[in-house]
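Q: Please read through the structure below; I'll follow up with questions.
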Amino acid sequence: MTGAEQDLFDYVVVGGGTAGAVIASRLSEDPAVSVGLLEWGPSDREEPRALQIRRWFEMLEGEYDLDYRSVPQPHANSHIRQSRARILGGCSTHNTMIALRPPAADFADWVERGAAGWDAETLFPYYDRLLTHIVPVAREHRNPYLADVVEAAATTLGVPVQDRWNDRAYADGAGFLEIGYYPETGVRSSSSVDYLHPVMDGRPNLTMLLESRVLRILFTPDRHAYGVDVRRPDGSTHTVRARREVVLCAGAIDTPRLLLLSGVGPAEELRALGIPVVLDSPGVGRNLSDHPEGLVVWEATEPIPATGATDWDISVMARVDPDAAVPQILTHVPLMTYAVHAERLGYEIPKHTVSMTPNVARPRSRGTVRLASADPDAPPLIDYRYFTDPDGHDERLLVEGVRLARRIAAAAPMSRWVAREVFPGPDVVTHEEISALARAASHTVYHVSCTARMGADADREAVLDPALRVRGAGGLRVADASAFPSLTTVNPVVAVLMLAERAVDLLRAGE
C-alpha cells in the first residue's frame with residue numbers, strides 16, 4: 001500500500017479496547033472489507049502484566065493507565081482515581097474479567113428506555129457467540145477462606161450457592177464467579193487475546209495503528225463523519241479516512257470526550273469553550289452511571305491463604321426489597337483489602353485483614369463527563385454525582401450492603417477468620433453513622449457507562465438511535481459502554497462484548 005492508502009479504510013474503529021477489538025476482528029473477517037483500528041496505547045502481546053490475570057492490580061495507576069480523577073463529590077468520596085486502560089484490549093486487559101451475563105431484566109429496562117431491539121431474546125444469542133473463554137474459577141484456584149464466605153452468606157441470607165451463574169435464570173446467590181481466563185496458564189481472556197492475537201499478523205485487510213491517539217472526528221458540511229485526526233508517537237498529526245463509517249469504541253469517558261472535542265454535544269457548553277458546534281446533542285457526557293462501592297474491613301485472625309484466580313473470585317448478590325426484579329446489592333469479596341480511603345479518614349488498617357465491598361447494583365444517581373477546555377490534553381471533568389438521586393435509593397442500599405456484610409462476617413464458617421471490625425467500626429450502627437462513613441470511603445468499581453446512550457427519537461438526551469448511530473450525523477456510531485441506556489446489574493464487561501458483537505451485525509447490514 002502507499003502511504004495514502006494506509007490511511008483510507010472502509011471502517012475506522014477508534015479504540016482497540018473491549019469493544020473495539022471485537023468489532024475490528026469481526027469486520028475484517030470479510031477479506032473484501034478494510035478495517036483500520038486506532039489504539040492510543042501499545043500492544044499487550046509482550047506485556048506479562050497484561051496477560052496474566054493475577055497481575056491485574058499491577059496495571060492500575062501505572063504507565064498504561066490514563067488514571068483520571070473525579071471532581072469533588074459533595075455526597076461521597078472526592079478522592080477517586082478513575083482507571084482507564086491505554087493499551088490493546090482496553091479495560092479487558094487490566095480488569096478482573098468477572099464475566100457475568102446480565103439478567104434479562106436489564107435488557108428489558110433498555111427496551112423500556114427506548115432501545116428497541118435490545119431485549120434479552122435478541123441479545124442472549126450474542127453471549128453464545130463470544131470468543132471469550134468464560135469458565136468458573138478452577139477448583140485448584142478456589143481459596144478456602146472464600147469458600148467459607150460463600151457458605152456463611154448462603155446460610156445467613158438464605159440464598160443458593162451458585163456454581164454456574166450464567167447457566168440459569170438470574171437469581172440471588174453466593175458463589176465462585178465465572179471469569180474470562182485460561183486456568184491452565186493464567187492468561188486472561190481479554191478481547192485482544194481472543195479476538196486480535198490470533199489474526200493480527202495474518203489479515204492484510206486489518207491494519208492496527210498503535211500508539212495513535214485520535215484527537216477529533218472530521219465532518220463534512222452536512223455532518224457526515226469521514227475520518228479522524230490522529231496524533232502519532234512522534235507528535236505529528238495526520239488524517240485517517242473512512243469510506244463507510246467511523247465507529248467510536250473509546251469507552252464511557254473518552255468516547256463522550258472525543259465527541260465534545262469534535263463539536264458534538266450540548267451547544268452552549270461547546271460555545272463556552274470556544275469549540276465550533278457541529279451538532280447540538282444535549283446528552284453527550286450526561287447520564288453517567290456507575291456502581292458505587294462501599295467498604296467493610298475486619299482484622300483477620302490469621303493470614304489469608306494466597307491461592308486464587310484474580311483475588312476477586314466470589315460474589316454475593318441479594319435483594320433488599322422483595323419485589324425487586326434483580327439483586328440490588330452486589331457484594332464482592334477480595335483477598336486483598338483496598339483500604340486507602342479508610343486510611344485517609346484516619347483508620348489504622350492491620351497487617352492481616354478481610355473485607356467486603358458492597359455495590360449498589362442498580363444505581364439511580366447520574367453524573368457527567370465534561371471538558372475542562374478545548375485542549376485535547378486537558379483531563380476530562382468526571383463528576384459521578386454519587387448518592388444524589390432524589391429519593392435516597394442509592395444511599396439506602398449502600399447502608400443495607402454494609403449491614404448485609406456484617407451479618408455474613410458474624411456467621412460460621414466466615415466468623416472464624418474475623419477478629420474485630422476495623423472499618424466503619426462496631427460502634428457505627430445507626431443509618432446516619434453508617435451512611436456518612438460509607439459514602440466518605442465510597443469508590444468507583446470502574447463500571448462507568450451510559451454517557452452517550454441509546455434511546456427513542458423523542459428523547460433529547462438519547463445520543464444514539466437503537467442502531468448505535470449518532471443522531472443528526474452520518475457515518476458515525478458508538479459501540480461501547482457509553483451506549484448503554486442503563487447500567488447492568490452486574491459487572492458490564494460481558495454486556496460490552498455482546499453489544500460489540502451485535503454492532504458488527506448492524507454495521508454489516510448497514511442498519
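Numbering starts fresh at 1 for the residues of each chain in the C-alpha cells, the chains themselves are lettered A, B, ... in the order given, and ligands are numbered from 1 as they appear.
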Within segment 305-359 of chain A, find each residue whose DSSP state, derived from the backbone, is helix (DSSP H, G or I), and express the selection as a VMD selection string.
A: chain A and resid 340 to 344
Q: Take the residues just selected and output them with N, CA, C and O atoms as a CSV table (one decimal), in the first residue's frame.
A:
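part_5.csv, freshly written:
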```
chain,number,residue,atom,x,y,z
A,340,VAL,N,-7.3,2.3,51.2
A,340,VAL,CA,-6.7,3.5,51.1
A,340,VAL,C,-7.6,4.7,51.6
A,340,VAL,O,-7.1,5.6,52.2
A,341,HIS,N,-8.9,4.6,51.3
A,341,HIS,CA,-9.8,5.7,51.6
A,341,HIS,C,-10.2,5.6,53.1
A,341,HIS,O,-10.4,6.6,53.7
A,342,ALA,N,-10.2,4.4,53.6
A,342,ALA,CA,-10.4,4.3,55.1
A,342,ALA,C,-9.2,4.9,55.8
A,342,ALA,O,-9.4,5.6,56.8
A,343,GLU,N,-8.0,4.6,55.3
A,343,GLU,CA,-6.8,5.2,56.0
A,343,GLU,C,-6.8,6.7,55.8
A,343,GLU,O,-6.4,7.4,56.8
A,344,ARG,N,-7.2,7.2,54.7
A,344,ARG,CA,-7.3,8.6,54.6
A,344,ARG,C,-8.2,9.3,55.6
A,344,ARG,O,-8.0,10.4,56.0
```
Q: Write out as an NGL selection string the residues lying within 12 Å of Leu398 of chain A, counting only C-alpha atoms and excluding same-chain residues fewer than 4 positions away.
A: :A and (76 or 291-296 or 320 or 328-331 or 357-363 or 386-387 or 392-394 or 402-405 or 431-432 or 434-443)
Q: Using N, CA, C and O atoms, can you write the selected residues to a file as a short mmCIF file (atom, residue, chain, number, x, y, z; two decimals), in the first residue's frame?
A:
```cif
data_model
loop_
_atom_site.label_atom_id
_atom_site.label_comp_id
_atom_site.auth_asym_id
_atom_site.auth_seq_id
_atom_site.Cartn_x
_atom_site.Cartn_y
_atom_site.Cartn_z
N ALA A 76 -20.08 12.18 48.58
CA ALA A 76 -19.30 10.94 48.51
C ALA A 76 -17.81 11.28 48.57
O ALA A 76 -17.42 12.40 48.90
N HIS A 291 -21.46 1.74 39.46
CA HIS A 291 -21.81 1.03 40.69
C HIS A 291 -21.02 1.64 41.86
O HIS A 291 -19.83 1.34 41.99
N PRO A 292 -21.63 2.48 42.69
CA PRO A 292 -20.87 2.97 43.85
C PRO A 292 -20.58 1.83 44.81
O PRO A 292 -21.44 0.99 45.08
N GLU A 293 -19.38 1.83 45.33
CA GLU A 293 -18.90 0.69 46.13
C GLU A 293 -18.63 1.12 47.56
O GLU A 293 -17.95 2.11 47.82
N GLY A 294 -19.15 0.34 48.51
CA GLY A 294 -18.86 0.55 49.92
C GLY A 294 -17.70 -0.32 50.37
O GLY A 294 -17.07 -1.02 49.57
N LEU A 295 -17.41 -0.27 51.67
CA LEU A 295 -16.26 -1.00 52.21
C LEU A 295 -16.51 -1.37 53.67
O LEU A 295 -16.95 -0.52 54.45
N VAL A 296 -16.25 -2.62 54.00
CA VAL A 296 -16.21 -3.07 55.40
C VAL A 296 -14.92 -3.87 55.58
O VAL A 296 -14.63 -4.75 54.76
N VAL A 320 -32.95 -6.49 48.72
CA VAL A 320 -33.41 -5.89 49.97
C VAL A 320 -34.93 -5.79 49.94
O VAL A 320 -35.61 -6.08 50.93
N GLN A 328 -30.21 -6.32 44.30
CA GLN A 328 -30.00 -4.88 44.50
C GLN A 328 -28.62 -4.58 45.07
O GLN A 328 -28.13 -3.46 44.96
N ILE A 329 -28.01 -5.57 45.71
CA ILE A 329 -26.69 -5.40 46.29
C ILE A 329 -25.79 -6.49 45.72
O ILE A 329 -26.11 -7.68 45.78
N LEU A 330 -24.69 -6.06 45.15
CA LEU A 330 -23.70 -6.97 44.57
C LEU A 330 -22.43 -6.81 45.41
O LEU A 330 -21.77 -5.78 45.34
N THR A 331 -22.15 -7.82 46.23
CA THR A 331 -21.02 -7.73 47.15
C THR A 331 -19.85 -8.55 46.65
O THR A 331 -19.94 -9.76 46.51
N THR A 357 -16.89 -5.49 49.77
CA THR A 357 -17.19 -4.24 49.09
C THR A 357 -18.60 -4.31 48.49
O THR A 357 -18.76 -4.66 47.32
N PRO A 358 -19.62 -3.98 49.26
CA PRO A 358 -20.99 -4.00 48.73
C PRO A 358 -21.21 -2.88 47.71
O PRO A 358 -20.88 -1.73 47.96
N ASN A 359 -21.73 -3.25 46.55
CA ASN A 359 -22.04 -2.29 45.48
C ASN A 359 -23.55 -2.10 45.36
O ASN A 359 -24.32 -3.05 45.55
N VAL A 360 -23.95 -0.90 45.00
CA VAL A 360 -25.35 -0.64 44.63
C VAL A 360 -25.53 -1.12 43.20
O VAL A 360 -24.96 -0.56 42.26
N ALA A 361 -26.31 -2.18 43.01
CA ALA A 361 -26.34 -2.88 41.73
C ALA A 361 -27.09 -2.11 40.64
O ALA A 361 -26.71 -2.15 39.47
N ARG A 362 -28.17 -1.42 41.00
CA ARG A 362 -28.94 -0.66 40.02
C ARG A 362 -29.01 0.81 40.48
O ARG A 362 -30.04 1.27 40.93
N PRO A 363 -27.92 1.54 40.39
CA PRO A 363 -27.91 2.90 40.92
C PRO A 363 -28.84 3.83 40.14
O PRO A 363 -29.05 3.67 38.93
N TYR A 386 -22.43 10.68 42.86
CA TYR A 386 -22.91 9.57 43.67
C TYR A 386 -23.88 10.06 44.75
O TYR A 386 -23.69 11.14 45.34
N PHE A 387 -24.89 9.24 45.01
CA PHE A 387 -25.84 9.45 46.12
C PHE A 387 -26.58 10.79 45.99
O PHE A 387 -26.87 11.45 46.98
N GLY A 392 -33.11 8.97 47.63
CA GLY A 392 -32.17 8.34 48.55
C GLY A 392 -32.00 6.86 48.36
O GLY A 392 -31.46 6.17 49.24
N HIS A 393 -32.40 6.34 47.21
CA HIS A 393 -32.31 4.91 46.94
C HIS A 393 -30.88 4.39 47.07
O HIS A 393 -30.63 3.37 47.75
N ASP A 394 -29.92 5.06 46.46
CA ASP A 394 -28.55 4.56 46.43
C ASP A 394 -27.92 4.58 47.82
O ASP A 394 -27.22 3.63 48.21
N VAL A 402 -23.69 -2.61 53.82
CA VAL A 402 -22.79 -2.72 54.97
C VAL A 402 -23.38 -3.66 56.01
O VAL A 402 -22.67 -4.52 56.57
N ARG A 403 -24.66 -3.52 56.28
CA ARG A 403 -25.30 -4.39 57.27
C ARG A 403 -25.31 -5.85 56.82
O ARG A 403 -25.09 -6.76 57.63
N LEU A 404 -25.54 -6.06 55.53
CA LEU A 404 -25.50 -7.42 54.99
C LEU A 404 -24.11 -8.03 55.18
O LEU A 404 -23.97 -9.19 55.58
N ALA A 405 -23.08 -7.26 54.89
CA ALA A 405 -21.70 -7.75 55.04
C ALA A 405 -21.42 -8.13 56.49
O ALA A 405 -20.77 -9.15 56.76
N HIS A 431 -28.26 4.39 60.87
CA HIS A 431 -28.25 4.64 59.42
C HIS A 431 -27.38 5.83 59.09
O HIS A 431 -26.56 5.79 58.14
N GLU A 432 -27.53 6.91 59.85
CA GLU A 432 -26.79 8.13 59.57
C GLU A 432 -25.29 7.93 59.75
O GLU A 432 -24.48 8.42 58.95
N ILE A 434 -23.54 5.01 59.62
CA ILE A 434 -23.02 4.13 58.57
C ILE A 434 -22.94 4.88 57.25
O ILE A 434 -21.94 4.82 56.53
N SER A 435 -24.00 5.62 56.93
CA SER A 435 -24.05 6.33 55.66
C SER A 435 -22.90 7.32 55.53
O SER A 435 -22.23 7.39 54.47
N ALA A 436 -22.65 8.08 56.56
CA ALA A 436 -21.62 9.12 56.49
C ALA A 436 -20.25 8.53 56.19
O ALA A 436 -19.52 9.01 55.30
N LEU A 437 -19.89 7.45 56.89
CA LEU A 437 -18.56 6.85 56.67
C LEU A 437 -18.51 6.05 55.38
O LEU A 437 -17.50 6.08 54.67
N ALA A 438 -19.57 5.33 55.08
CA ALA A 438 -19.58 4.53 53.85
C ALA A 438 -19.48 5.43 52.62
O ALA A 438 -18.76 5.11 51.66
N ARG A 439 -20.19 6.56 52.63
CA ARG A 439 -20.11 7.47 51.49
C ARG A 439 -18.74 8.15 51.41
O ARG A 439 -18.19 8.35 50.32
N ALA A 440 -18.15 8.49 52.56
CA ALA A 440 -16.85 9.15 52.57
C ALA A 440 -15.75 8.26 52.02
O ALA A 440 -14.75 8.75 51.45
N ALA A 441 -15.89 6.95 52.18
CA ALA A 441 -14.89 6.00 51.68
C ALA A 441 -15.34 5.29 50.41
O ALA A 441 -14.65 4.39 49.93
N SER A 442 -16.47 5.69 49.85
CA SER A 442 -17.00 5.01 48.66
C SER A 442 -16.06 5.15 47.48
O SER A 442 -15.24 6.06 47.41
N HIS A 443 -16.21 4.24 46.54
CA HIS A 443 -15.25 4.19 45.44
C HIS A 443 -15.95 3.74 44.17
O HIS A 443 -17.03 3.13 44.23
#
```
Q: So, with only C-alpha atoms as the atoms that count, which of A:Met59, A:Ala138, A:Ala169, A:Ile314 lies closest to Ala120 of chain A?
A: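 Closest to Ala120 of chain A, using only C-alpha atoms: A:Ala169.
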Q: Using only C-alpha atoms, which of A:Arg188, A:Arg508, A:Arg271, A:Arg420 sits nearest Val354 of chain A?
A: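 The closest residue to Val354 of chain A is A:Arg420.
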Q: Can you work out the spacing between atom CA of Thr451 of chain A and atom CA of Val33 of chain A in Å, to one decimal?
A: 29.9 Å
Q: Determine, counting only C-alpha atoms, which protein, DNA and RNA residues have an atom within 7 Å of an atom of segment 302-304 of chain A; residues of the same chain fewer than 6 positions away are not included. Present the result as a PyMOL selection string.
A: chain A and resi 145+352+417
Q: Please give the complete set of residues from segment 181-323 of chain A that DSSP, run on the backbone, assigns to strand (DSSP E or B), formatted as an NGL selection string.
A: :A and (181-182 or 187-188 or 206-209 or 213-219 or 224-231 or 237-248 or 264-265 or 279-280 or 288-289 or 293 or 296-300 or 314-318)
Q: Which residues, written as a list in words, have at least one atom at most 12 Å from Tyr182 of chain A, with only C-alpha atoms counted and residues fewer than 4 positions away on the same chain left out?
A: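 That gives Leu51, Gln52, Ile53, Arg54, Met97, Thr132, His133, Ile134, Val135, Pro136, Val137, Ala138, His141, Glu178, Gly186, Val187, Arg188, Ser189, Ser190, Val193, Asp194, Ala309 and Thr310 of chain A.
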Q: Could you please take those selected residues and save N, CA, C and O atoms as a PDB file, in the first residue's frame?
A:
```pdb
ATOM      1  N   LEU A  51      -1.164  -9.857  30.405  1.00  0.00           N
ATOM      2  CA  LEU A  51      -1.622 -11.184  30.009  1.00  0.00           C
ATOM      3  C   LEU A  51      -1.976 -12.071  31.196  1.00  0.00           C
ATOM      4  O   LEU A  51      -2.899 -12.883  31.125  1.00  0.00           O
ATOM      5  N   GLN A  52      -1.247 -11.950  32.297  1.00  0.00           N
ATOM      6  CA  GLN A  52      -1.512 -12.791  33.463  1.00  0.00           C
ATOM      7  C   GLN A  52      -2.584 -12.146  34.328  1.00  0.00           C
ATOM      8  O   GLN A  52      -2.391 -11.076  34.884  1.00  0.00           O
ATOM      9  N   ILE A  53      -3.715 -12.808  34.456  1.00  0.00           N
ATOM     10  CA  ILE A  53      -4.858 -12.180  35.107  1.00  0.00           C
ATOM     11  C   ILE A  53      -4.592 -11.881  36.582  1.00  0.00           C
ATOM     12  O   ILE A  53      -5.099 -10.901  37.125  1.00  0.00           O
ATOM     13  N   ARG A  54      -3.750 -12.669  37.239  1.00  0.00           N
ATOM     14  CA  ARG A  54      -3.466 -12.404  38.649  1.00  0.00           C
ATOM     15  C   ARG A  54      -2.632 -11.132  38.839  1.00  0.00           C
ATOM     16  O   ARG A  54      -2.528 -10.629  39.966  1.00  0.00           O
ATOM     17  N   MET A  97     -11.911  -9.449  34.783  1.00  0.00           N
ATOM     18  CA  MET A  97     -12.680 -10.262  33.833  1.00  0.00           C
ATOM     19  C   MET A  97     -13.772 -11.088  34.513  1.00  0.00           C
ATOM     20  O   MET A  97     -14.010 -12.253  34.153  1.00  0.00           O
ATOM     21  N   THR A 132     -14.727 -15.146  23.922  1.00  0.00           N
ATOM     22  CA  THR A 132     -14.165 -15.066  25.268  1.00  0.00           C
ATOM     23  C   THR A 132     -14.289 -16.416  25.975  1.00  0.00           C
ATOM     24  O   THR A 132     -15.341 -17.055  25.933  1.00  0.00           O
ATOM     25  N   HIS A 133     -13.221 -16.828  26.634  1.00  0.00           N
ATOM     26  CA  HIS A 133     -13.183 -18.120  27.319  1.00  0.00           C
ATOM     27  C   HIS A 133     -13.692 -17.909  28.744  1.00  0.00           C
ATOM     28  O   HIS A 133     -12.930 -17.579  29.656  1.00  0.00           O
ATOM     29  N   ILE A 134     -14.989 -18.107  28.940  1.00  0.00           N
ATOM     30  CA  ILE A 134     -15.644 -17.833  30.221  1.00  0.00           C
ATOM     31  C   ILE A 134     -15.869 -19.155  30.945  1.00  0.00           C
ATOM     32  O   ILE A 134     -16.593 -20.029  30.454  1.00  0.00           O
ATOM     33  N   VAL A 135     -15.242 -19.296  32.104  1.00  0.00           N
ATOM     34  CA  VAL A 135     -15.327 -20.536  32.871  1.00  0.00           C
ATOM     35  C   VAL A 135     -15.421 -20.197  34.358  1.00  0.00           C
ATOM     36  O   VAL A 135     -14.998 -19.126  34.787  1.00  0.00           O
ATOM     37  N   PRO A 136     -15.960 -21.115  35.161  1.00  0.00           N
ATOM     38  CA  PRO A 136     -15.922 -20.891  36.613  1.00  0.00           C
ATOM     39  C   PRO A 136     -14.484 -20.896  37.115  1.00  0.00           C
ATOM     40  O   PRO A 136     -13.591 -21.497  36.504  1.00  0.00           O
ATOM     41  N   VAL A 137     -14.259 -20.212  38.223  1.00  0.00           N
ATOM     42  CA  VAL A 137     -12.945 -20.268  38.865  1.00  0.00           C
ATOM     43  C   VAL A 137     -12.575 -21.732  39.070  1.00  0.00           C
ATOM     44  O   VAL A 137     -13.365 -22.515  39.626  1.00  0.00           O
ATOM     45  N   ALA A 138     -11.413 -22.105  38.598  1.00  0.00           N
ATOM     46  CA  ALA A 138     -10.999 -23.513  38.655  1.00  0.00           C
ATOM     47  C   ALA A 138     -10.908 -24.007  40.090  1.00  0.00           C
ATOM     48  O   ALA A 138     -10.598 -23.233  41.012  1.00  0.00           O
ATOM     49  N   HIS A 141      -7.957 -23.182  42.081  1.00  0.00           N
ATOM     50  CA  HIS A 141      -7.773 -21.770  42.415  1.00  0.00           C
ATOM     51  C   HIS A 141      -8.750 -21.285  43.484  1.00  0.00           C
ATOM     52  O   HIS A 141      -8.752 -20.099  43.813  1.00  0.00           O
ATOM     53  N   GLU A 178     -17.840 -16.859  37.429  1.00  0.00           N
ATOM     54  CA  GLU A 178     -17.310 -17.213  36.132  1.00  0.00           C
ATOM     55  C   GLU A 178     -16.479 -16.029  35.637  1.00  0.00           C
ATOM     56  O   GLU A 178     -16.922 -14.877  35.721  1.00  0.00           O
ATOM     57  N   GLY A 186      -3.226 -19.262  33.307  1.00  0.00           N
ATOM     58  CA  GLY A 186      -3.439 -17.995  33.999  1.00  0.00           C
ATOM     59  C   GLY A 186      -3.558 -16.806  33.075  1.00  0.00           C
ATOM     60  O   GLY A 186      -3.614 -15.656  33.536  1.00  0.00           O
ATOM     61  N   VAL A 187      -3.609 -17.038  31.752  1.00  0.00           N
ATOM     62  CA  VAL A 187      -3.736 -15.937  30.797  1.00  0.00           C
ATOM     63  C   VAL A 187      -5.183 -15.445  30.790  1.00  0.00           C
ATOM     64  O   VAL A 187      -6.126 -16.246  30.777  1.00  0.00           O
ATOM     65  N   ARG A 188      -5.338 -14.126  30.805  1.00  0.00           N
ATOM     66  CA  ARG A 188      -6.679 -13.559  30.781  1.00  0.00           C
ATOM     67  C   ARG A 188      -7.292 -13.693  29.394  1.00  0.00           C
ATOM     68  O   ARG A 188      -6.587 -13.680  28.375  1.00  0.00           O
ATOM     69  N   SER A 189      -8.588 -13.821  29.375  1.00  0.00           N
ATOM     70  CA  SER A 189      -9.316 -13.922  28.107  1.00  0.00           C
ATOM     71  C   SER A 189      -9.852 -12.543  27.738  1.00  0.00           C
ATOM     72  O   SER A 189     -11.050 -12.312  27.670  1.00  0.00           O
ATOM     73  N   SER A 190      -8.932 -11.613  27.501  1.00  0.00           N
ATOM     74  CA  SER A 190      -9.319 -10.261  27.103  1.00  0.00           C
ATOM     75  C   SER A 190      -9.784 -10.268  25.654  1.00  0.00           C
ATOM     76  O   SER A 190      -9.576 -11.238  24.909  1.00  0.00           O
ATOM     77  N   VAL A 193      -6.714 -10.719  23.432  1.00  0.00           N
ATOM     78  CA  VAL A 193      -6.158 -12.079  23.405  1.00  0.00           C
ATOM     79  C   VAL A 193      -6.976 -12.986  22.493  1.00  0.00           C
ATOM     80  O   VAL A 193      -6.423 -13.752  21.690  1.00  0.00           O
ATOM     81  N   ASP A 194      -8.291 -12.895  22.589  1.00  0.00           N
ATOM     82  CA  ASP A 194      -9.124 -13.859  21.869  1.00  0.00           C
ATOM     83  C   ASP A 194      -9.607 -13.386  20.508  1.00  0.00           C
ATOM     84  O   ASP A 194      -9.915 -14.212  19.643  1.00  0.00           O
ATOM     85  N   ALA A 309      -7.704 -17.062  41.703  1.00  0.00           N
ATOM     86  CA  ALA A 309      -7.558 -16.807  40.275  1.00  0.00           C
ATOM     87  C   ALA A 309      -7.251 -15.337  40.012  1.00  0.00           C
ATOM     88  O   ALA A 309      -6.339 -15.004  39.253  1.00  0.00           O
ATOM     89  N   THR A 310      -8.001 -14.429  40.660  1.00  0.00           N
ATOM     90  CA  THR A 310      -7.826 -12.996  40.390  1.00  0.00           C
ATOM     91  C   THR A 310      -7.733 -12.157  41.662  1.00  0.00           C
ATOM     92  O   THR A 310      -7.488 -10.968  41.571  1.00  0.00           O
TER      93      THR A 310
END
```
Q: Between A:Arg213, A:Arg406, A:Arg477, A:Arg164, which residue has the minimum interatomic distance to Leu37 of chain A, considering only C-alpha atoms?
A: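 Of all the options, A:Arg213 lies closest to Leu37 of chain A.
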Q: Between atom CA of Gly283 of chain A and atom CA of Ala462 of chain A, what is the spacing in Å?
A: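 Answer for the atom CA of Ala462 of chain A to atom CA of Gly283 of chain A separation: 5.9 Å.
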Q: Considering only C-alpha atoms, tabulate each residue of segment 3-118 of chain A that lies at most 12 Å from segment 204-208 of chain A along with its nearest interatomic pair and the corresponding distance in Å to one decimal; arrange the rows by chain and ascending residue number and present them as a tab-separated table.
A:
```
residue	atom	partner	partner_atom	distance
A:Glu5	CA	A:Thr207	CA	11.1
A:Gln6	CA	A:Thr207	CA	8.0
A:Asp7	CA	A:Thr207	CA	9.4
A:Leu8	CA	A:Thr207	CA	10.3
A:Phe9	CA	A:Asn205	CA	8.8
A:Asp10	CA	A:Asn205	CA	9.8
A:Tyr11	CA	A:Leu206	CA	10.0
A:Val12	CA	A:Thr207	CA	9.8
A:Val13	CA	A:Met208	CA	9.6
A:Val14	CA	A:Met208	CA	10.5
A:Gly15	CA	A:Met208	CA	10.2
A:Gly16	CA	A:Met208	CA	8.6
A:Gly20	CA	A:Met208	CA	11.2
A:Ala21	CA	A:Met208	CA	10.1
A:Ile23	CA	A:Leu206	CA	11.1
A:Ala24	CA	A:Leu206	CA	7.4
A:Ser25	CA	A:Leu206	CA	7.8
A:Arg26	CA	A:Leu206	CA	10.2
A:Leu27	CA	A:Leu206	CA	8.9
A:Ser28	CA	A:Leu206	CA	5.9
A:Glu29	CA	A:Asn205	CA	8.8
A:Asp30	CA	A:Asn205	CA	8.6
A:Pro31	CA	A:Asn205	CA	6.3
A:Ala32	CA	A:Asn205	CA	7.7
A:Val33	CA	A:Asn205	CA	6.6
A:Ser34	CA	A:Asn205	CA	4.7
A:Val35	CA	A:Leu206	CA	5.0
A:Gly36	CA	A:Thr207	CA	4.9
A:Leu37	CA	A:Met208	CA	4.7
A:Leu38	CA	A:Met208	CA	6.1
A:Glu39	CA	A:Met208	CA	7.5
A:Trp40	CA	A:Met208	CA	10.8
A:Gly41	CA	A:Met208	CA	11.2
A:Pro42	CA	A:Met208	CA	10.3
A:Ser43	CA	A:Met208	CA	9.6
A:Leu88	CA	A:Met208	CA	9.9
```
Q: Got a sec: who's within 12 Å of Leu157 of chain A, counting only C-alpha atoms, leaving out chain neighbours fewer than 5 positions off, as number ranges by chain?
A: A: 149-152, 172-174, 316-320, 403-411
Q: Which residues are near Pro350 of chain A? Cut-off 12 Å, only C-alpha atoms, ignore same chain within fewer than 3 positions. Put them as number ranges by chain.
A: A: 297-303, 337, 339, 342-343, 347, 353-355, 419-423
Q: Please produce a file of the residues just selected, as an mmCIF file, in the first residue's frame, where the atoms kept are C-alpha atoms.
A:
```cif
data_model
loop_
_atom_site.group_PDB
_atom_site.id
_atom_site.type_symbol
_atom_site.label_atom_id
_atom_site.label_comp_id
_atom_site.auth_asym_id
_atom_site.auth_seq_id
_atom_site.Cartn_x
_atom_site.Cartn_y
_atom_site.Cartn_z
ATOM 1 C CA VAL A 297 -12.865 -4.183 56.846
ATOM 2 C CA TRP A 298 -12.102 -6.630 59.649
ATOM 3 C CA GLU A 299 -8.852 -7.680 61.245
ATOM 4 C CA ALA A 300 -8.219 -11.314 60.359
ATOM 5 C CA THR A 301 -7.476 -13.991 62.921
ATOM 6 C CA GLU A 302 -4.709 -15.362 60.684
ATOM 7 C CA PRO A 303 -3.143 -14.633 57.298
ATOM 8 C CA THR A 337 -8.086 -5.332 51.080
ATOM 9 C CA ALA A 339 -8.457 0.412 52.272
ATOM 10 C CA ALA A 342 -10.421 4.310 55.097
ATOM 11 C CA GLU A 343 -6.808 5.153 55.954
ATOM 12 C CA TYR A 347 -8.305 4.472 60.344
ATOM 13 C CA THR A 353 -7.420 -8.209 57.120
ATOM 14 C CA VAL A 354 -10.519 -9.459 55.368
ATOM 15 C CA SER A 355 -13.013 -7.163 53.675
ATOM 16 C CA ALA A 419 -11.116 -10.945 64.916
ATOM 17 C CA ARG A 420 -12.766 -7.482 65.030
ATOM 18 C CA GLU A 421 -14.319 -4.912 62.755
ATOM 19 C CA VAL A 422 -11.918 -2.128 61.777
ATOM 20 C CA PHE A 423 -13.992 -0.014 59.359
#
```
Q: Would you kindly return, as a list in words, each protein, DNA or RNA residue with an atom no farther than 6 Å from any atom of segment 252-260 of chain A, considering only C-alpha atoms and excluding same-chain residues fewer than 3 positions away?
A: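 Here the qualifying residues turn out to be Gly263, Val264, Gly265, Val284, Gly285, Ser449, Thr451, Ala481 and Ser482 of chain A.
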